[in-house]
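**Q** After the structure tokens below, expect a handful of questions from me.
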Amino acid sequence: MTDHARYTRREFDVVVIGAGGAGLRAAIEARLAGKRTAIISKSLFGKAHTVMAEGGAAAAMGNANSKDSWQVHFRDTMRGGKFLNHYRMAELHAKEAPDRIWELETYGALFDRTPEGKISQRNFGGHEYPRLAHVGDRTGLELIRTLQQKIVSLQQADQREHGDAEAYLQVFAECTVTQLLTDDNSIVGALAYWRHNGEFLVFDAPTVVLATGGIGKSYTVTSNSWEYTGDGHALALRAGATLVNMEFLQFHPTGMVWPPSVKGLLVTESVRGDGGVLRNTDGKRFMFDYVPDVFRKQYADTEEEADRWYTDPDNNRRPPELLPRDEVARAINNEVKSGRGTEHGGVFLDVSTRMSAEVITRRLPSMYHQFKELAGVDITQEPMEVGPTCHYVMGGVEVDPDTTAASVRGLFAAGEVSGGMHGSNRLGGNSLSDLLVFGRRAGLHAAAYVDALSAAPIASDDTVQAGVTAALEPLTVSDGENPYQVQADLQHTMNELVGIIRRPAEIEQALAQLEELRKRAEKVGAPGGRLYNPGWHVALDLGNLLLVSECVAQAALLRQESRGGHTRDDFPGMSAQWRQRNLICRLDANSDRESVTVTQQPIPSVPVELLELFDRSELAKYMTSEELAVLDTQEQSGDSGAA
Amino acid sequence: MSYQGKFRVWRGDHASGELTDFTAEVNEGEVVLDVVHRLQATQAPDLAVRWNCKAGKCGSCSAEINGRPRLLCMTRMNMFTPDQVVTITPMRTFPVIKDLVTDVSFNYVKARELPAFEPPKDLAPGEYRMQQIDVERSQEFRKCIECFLCQNTCHVVRDHDENKPEFSGPRLFIRAAELDMHPLDTRDDRKETAQAEQGLGYCNITKCCTEVCPEHIKITDNAIIPMKERVVDRKYDPITWLGRKIARRDQLSNQP
Ligand SMILES: Cc1cc2nc3c(=O)[nH]c(=O)nc-3n(C[C@H](O)[C@H](O)[C@H](O)COP(=O)(O)OP(=O)(O)OC[C@H]3O[C@@H](n4cnc5c(N)ncnc54)[C@H](O)[C@@H]3O)c2cc1C
Ligand code: SF4
Ligand code: SF4
Ligand code: FES
């Protein structure tokens, strides 16, 4: 082999790509099953996106309101996702989340407590009861640190037992995977480079767990970090797996809007859960005007009732500020477009007139800190200015709900990179619990897959060398396109043309621009060599951004309805016909350049015993008359099961 | 409101390097990290820097600004006058990889040397009961974002590589204190271990670590000093030891 394309090989049973909540939980499970496990991440250990989560992790433990149960959590999740969720994922999630949270306490987590000493739970949009386990507004930090420390404790056990802390769990930090290696539609490993020195390494392994998070860096205004370039989505596609429902993106209603340097930075939903209200520049609490029919029964229609709810939730309906995120984001968008927004294009979010300064700084310490230090605003004295920001991708790798297996053998996916669980819109707090529930399942089933294998082939030297040479390409281009500029232009395209409100002509324009951007991306150059070279890293991420952006745009063009994180200007309502269809993206095998095809696929139908958790009148808002007729006959024939 | 600011950024690798002069646009409300990103996008595409959250939550972007250890993302440009030169250098205590990026593996090695949380054997998941007031002391330390600025600042290792094998540093002292104060951790030798294996004795309570902590954790007053004091108490006083255990059992409940 040429010196240039040199690489080293390492052997593992399970390779986990991603060191956020999903990846770490998967790795713990694989190690507990006795598998040699690698954890790979682009950032340092403990810095993954999960660290930024603020509000909490949703689990129906019933500590704050004993009426809560998995059934209620399931119902809220399906409502939030507008019934497009994979019911089985939502069911498993609701059932298993409490155990996953309690387990964290055995790893050393210290959640905030109730007066009885149990884990405290807070209110959040779309959740019927207070349900989010939390630590102030730094829950993600607690989650990731706890898992990180559990991993260290397992390594310590391996040190004692085998004399080698890394015998079963090895962390590869600041290491980026560029390619999944497959053979005959089965995983045989992954190719990666060290960010610090640009050297390549091959992980020979029969299983890969993708836990790479989201795609928010395809937008200009986003709460997401540089890591969110859709790597896992793109790796999966190129390996032959499918993505589901990529048109659904969550624009979080409350991002910072001023100063420009922090535009998009998240303002946690806890601000509203704890009593913060939204007002336009006329001083009006405008959310009362935006309660959609499907939610009218659960939300207050006067300020008086809404305010009473905080202290007496059993006898009052919830404030409309706590509607699911898609509703609130669209409402803010509309207020600003109608000229009732601030000069910086936001609306006011106020806690200063609602709570004492002491309560604010205790319950929302990092928000207080963030506004004080980054915007010079004291939130105990004045309102915040907020507007929508690209936050979360509901779409992702299509997986089997129970095992998290993708359509490529040996490939598993969990966390934000996977699709289905959240339907068309994710409820706040449901991601952190999703990471734990499906992270664990991914680790467990990856291990079981390894146990059942008879042979484990590895990637050929030719395949690897081709991968290395391709990745080194930008370093060899002199006077090439500036990768940062191409990235910024791509973000601008998606932000302006495939944003919250989508119009077909604009989406087509976006697709044409993506085509141009792809040509420019092929010509990017990264001067400066292999040593920790961010320009080179950005250049390599571009291909992934382009691919996932194309998925989002194509699927958005196809889906002719508005639902959750996908709003079409020309089809403003939900369509019961469209609810029956998932959109599936795969790589186009017939194209000579990398591109995506999107097809429709029926969604799995929800079993009767789960449908019975809803009023028929509610189901009628989502389902076709044929579906309802089938439901009625099944119920009559007593098919429903007593559970 | 924009102006052309003057910057000196340390550029180089583990072998050699130097301060390089740059002029870059500065806009209203920006932080130092914004300017570093602007340099990358327009003048120095390979300029190495770490960052993730840009909101002081992840502890990635630690460096030294005009000689002071700080987070790049939480240092606003309006701290400086437009004619002031802003000098950005990597953390000094850790070996440089490139430009502003240092090799912080020391901290992860030390973390692995510290005995982990040991859960009570007689409690199943879901049975843990703790009072808010009792978890708050440890929660203060769990706010740590692992920026390692305290480690970088502590004079015991700042210019003394020779002390690194013996000394875990303030970040790991608060971890030890956190576990010591954890209502349900079953180990009772946290203080002794801090003294014997973490090099707590090297610390002479200068409080420099506390001063640079972006999370405002009272590292010295709330962690180091109590850990030092009570090592003495407990070593010789069986009554204190027993009292501690009894207080701890009170936290438990057999109710699920
Ligand atoms: C500001 C903010 C606040 C949030 N608050 C909440 C909340 O309160 N509650 C809630 O439930 N959810 C919240 N979310 C959402 C939630 O935090 C994320 O969806 C979740 O943390 C994603 O976790 P993950 O494990 O899937 O991935 P991440 O934690 O994002 O980790 C992804 C990992 O993959 C690695 N990776 C990616 N690509 C590669 C590659 N090519 N090679 C190697 N490694 C790679 C990264 O380095 C990283 O380690 C919030 C999100 C944000 C941005
Ligand atoms: S107080 Fe101790 S640990 Fe902190 S900087 Fe001073 S010597 Fe170091
Ligand atoms: S204690 Fe403070 S300074 Fe030290 S690593 Fe943690 S957050 Fe940083
Ligand atoms: S980028 Fe996260 S602390 Fe600065």
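Labels for the structure tokens follow display order: chains A, B, ..., residues from 1 in each chain, ligands from 1.
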Enumerate as a ChimeraX atom specification all residues of range 74-272 of chain A assigned to helix (DSSP H, G or I) by DSSP on the backbone, naming them with the chain letters and numbers the document uses.
**A** /A:74-80,87-106,139-162,216-218,231-239,260-262,270-272
**Q** Report as a Markdown table: every residue of chain B with an atom at most 6 Å from ligand 2, its closest pair of atoms, and their distance in Å to one decimal, counting only C-alpha atoms and all ligand atoms, with rows sorted by chain and ascending residue number.
**A**
```
| residue | atom | partner | partner_atom_place_in_ligand_line | distance |
| --- | --- | --- | --- | --- |
| B:Cys154 | CA | ligand 2 | 5 (S) | 3.7 |
| B:His155 | CA | ligand 2 | 8 (Fe) | 5.9 |
| B:Val156 | CA | ligand 2 | 8 (Fe) | 5.9 |
| B:Gly169 | CA | ligand 2 | 3 (S) | 5.7 |
| B:Pro170 | CA | ligand 2 | 3 (S) | 4.5 |
| B:Cys203 | CA | ligand 2 | 2 (Fe) | 3.8 |
| B:Asn204 | CA | ligand 2 | 7 (S) | 4.8 |
| B:Ile205 | CA | ligand 2 | 1 (S) | 3.6 |
| B:Thr206 | CA | ligand 2 | 6 (Fe) | 3.8 |
| B:Lys207 | CA | ligand 2 | 1 (S) | 3.9 |
| B:Cys208 | CA | ligand 2 | 5 (S) | 4.3 |
| B:Cys209 | CA | ligand 2 | 5 (S) | 4.1 |
| B:Thr220 | CA | ligand 2 | 1 (S) | 5.4 |
```
**Q** To check your reading of the model: which residues sit at most 6 Å from ligand 1 when counting only C-alpha atoms and all ligand atoms? Write the answer as a PyMOL selection string.
**A** chain A and resi 17-23+40-43+48-50+52-57+175-178+211-213+223-224+227+231-232+266+391+415-417+428-432+435
**Q** Based on the selection just made, write C-alpha atoms of those residues as an mmCIF file, in the first residue's frame.
**A**
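Written file, part-v2.cif:
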```
data_model
loop_
_atom_site.group_PDB
_atom_site.id
_atom_site.type_symbol
_atom_site.label_atom_id
_atom_site.label_comp_id
_atom_site.auth_asym_id
_atom_site.auth_seq_id
_atom_site.Cartn_x
_atom_site.Cartn_y
_atom_site.Cartn_z
ATOM 1 C CA ILE A 17 -20.535 5.349 16.689
ATOM 2 C CA GLY A 18 -21.500 8.208 18.957
ATOM 3 C CA ALA A 19 -20.838 8.990 22.597
ATOM 4 C CA GLY A 20 -24.081 10.753 23.478
ATOM 5 C CA GLY A 21 -26.787 9.226 25.628
ATOM 6 C CA ALA A 22 -27.769 6.603 23.075
ATOM 7 C CA GLY A 23 -24.217 5.521 22.252
ATOM 8 C CA ILE A 40 -16.220 6.413 18.722
ATOM 9 C CA SER A 41 -16.962 10.115 18.838
ATOM 10 C CA LYS A 42 -16.046 13.242 16.922
ATOM 11 C CA SER A 43 -15.649 15.269 20.118
ATOM 12 C CA ALA A 48 -21.644 15.015 22.805
ATOM 13 C CA HIS A 49 -24.800 16.922 22.113
ATOM 14 C CA THR A 50 -26.652 15.200 24.931
ATOM 15 C CA MET A 52 -26.631 20.379 26.135
ATOM 16 C CA ALA A 53 -30.088 19.021 26.926
ATOM 17 C CA GLU A 54 -31.661 21.141 29.540
ATOM 18 C CA GLY A 55 -35.232 20.417 30.498
ATOM 19 C CA GLY A 56 -35.362 16.785 31.436
ATOM 20 C CA ALA A 57 -36.085 13.179 30.600
ATOM 21 C CA CYS A 175 -12.184 10.176 15.879
ATOM 22 C CA THR A 176 -14.547 10.516 12.897
ATOM 23 C CA VAL A 177 -16.110 7.637 10.975
ATOM 24 C CA THR A 178 -16.217 8.296 7.233
ATOM 25 C CA ALA A 211 -25.837 6.805 17.642
ATOM 26 C CA THR A 212 -24.648 9.891 15.813
ATOM 27 C CA GLY A 213 -27.464 12.310 16.577
ATOM 28 C CA SER A 223 -29.549 24.986 18.350
ATOM 29 C CA ASN A 224 -27.220 22.241 17.161
ATOM 30 C CA GLU A 227 -21.203 17.773 15.045
ATOM 31 C CA ASP A 231 -23.166 11.664 9.421
ATOM 32 C CA GLY A 232 -25.044 8.663 10.731
ATOM 33 C CA LEU A 266 -31.838 27.202 22.764
ATOM 34 C CA HIS A 391 -33.567 21.716 16.794
ATOM 35 C CA GLY A 415 -31.243 7.967 19.530
ATOM 36 C CA GLU A 416 -31.806 10.973 17.311
ATOM 37 C CA VAL A 417 -30.317 9.224 14.265
ATOM 38 C CA GLY A 428 -39.787 17.727 24.835
ATOM 39 C CA GLY A 429 -38.116 15.328 27.222
ATOM 40 C CA ASN A 430 -38.913 12.321 25.062
ATOM 41 C CA SER A 431 -35.477 12.336 23.494
ATOM 42 C CA LEU A 432 -33.397 11.752 26.601
ATOM 43 C CA LEU A 435 -31.753 7.478 24.114
#
```
**Q** Can I get the residues close to ligand 3 as an NGL selection string, where close means within 6 Å and we count only C-alpha atoms and all ligand atoms?
**A** :B and (144-150 or 171 or 212-215 or 217)
**Q** Got a sec to pull out which chain A residues are within 6 Å of chain B, counting only C-alpha atoms, and send them as a list in words?
**A**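 Here they are: Lys47, Trp102, Glu103, Thr106, Gly108, Arg113, Gly117, Lys118, Val152, Ser153, Ser225, Pro259, Ser261, Tyr484, Gly528, Asn533, Pro534 and Gly535 of chain A.
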**Q** Can you write just those residues out, C-alpha atoms, as a PDB file, in the first residue's frame?
**A**
```pdb
ATOM      1  CA  LYS A  47     -19.023  16.583  25.086  1.00  0.00           C
ATOM      2  CA  TRP A 102     -34.147   4.595  37.985  1.00  0.00           C
ATOM      3  CA  GLU A 103     -31.190   2.641  36.705  1.00  0.00           C
ATOM      4  CA  THR A 106     -27.692   3.134  40.589  1.00  0.00           C
ATOM      5  CA  GLY A 108     -24.740   7.625  40.716  1.00  0.00           C
ATOM      6  CA  ARG A 113     -36.096  15.423  44.529  1.00  0.00           C
ATOM      7  CA  GLY A 117     -37.278  12.011  48.485  1.00  0.00           C
ATOM      8  CA  LYS A 118     -38.272  10.585  45.105  1.00  0.00           C
ATOM      9  CA  VAL A 152     -15.261   4.384  33.733  1.00  0.00           C
ATOM     10  CA  SER A 153     -16.491   2.101  36.521  1.00  0.00           C
ATOM     11  CA  SER A 225     -23.407  22.133  17.246  1.00  0.00           C
ATOM     12  CA  PRO A 259     -27.456  39.310  19.494  1.00  0.00           C
ATOM     13  CA  SER A 261     -23.823  35.716  17.544  1.00  0.00           C
ATOM     14  CA  TYR A 484     -16.784  26.897   5.131  1.00  0.00           C
ATOM     15  CA  GLY A 528      -2.812  22.826   5.916  1.00  0.00           C
ATOM     16  CA  ASN A 533      -7.329  20.523  10.469  1.00  0.00           C
ATOM     17  CA  PRO A 534     -10.927  21.820  10.868  1.00  0.00           C
ATOM     18  CA  GLY A 535     -11.109  22.966   7.235  1.00  0.00           C
TER      19      GLY A 535
END
```
**Q** Pick the closest to Arg579 in chain A from A:Asn425, A:Asn85, A:Ser418, A:Thr342: which is it, counting only C-alpha atoms?
**A**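 Among the listed residues, the smallest separation from Arg579 in chain A belongs to A:Asn85.
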**Q** Between B:Glu140, B:Glu211, B:Glu18, B:Glu162, single out the one closest to Thr89 in chain B, counting only C-alpha atoms.
**A**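 Distance minimum relative to Thr89 in chain B lands on B:Glu18.
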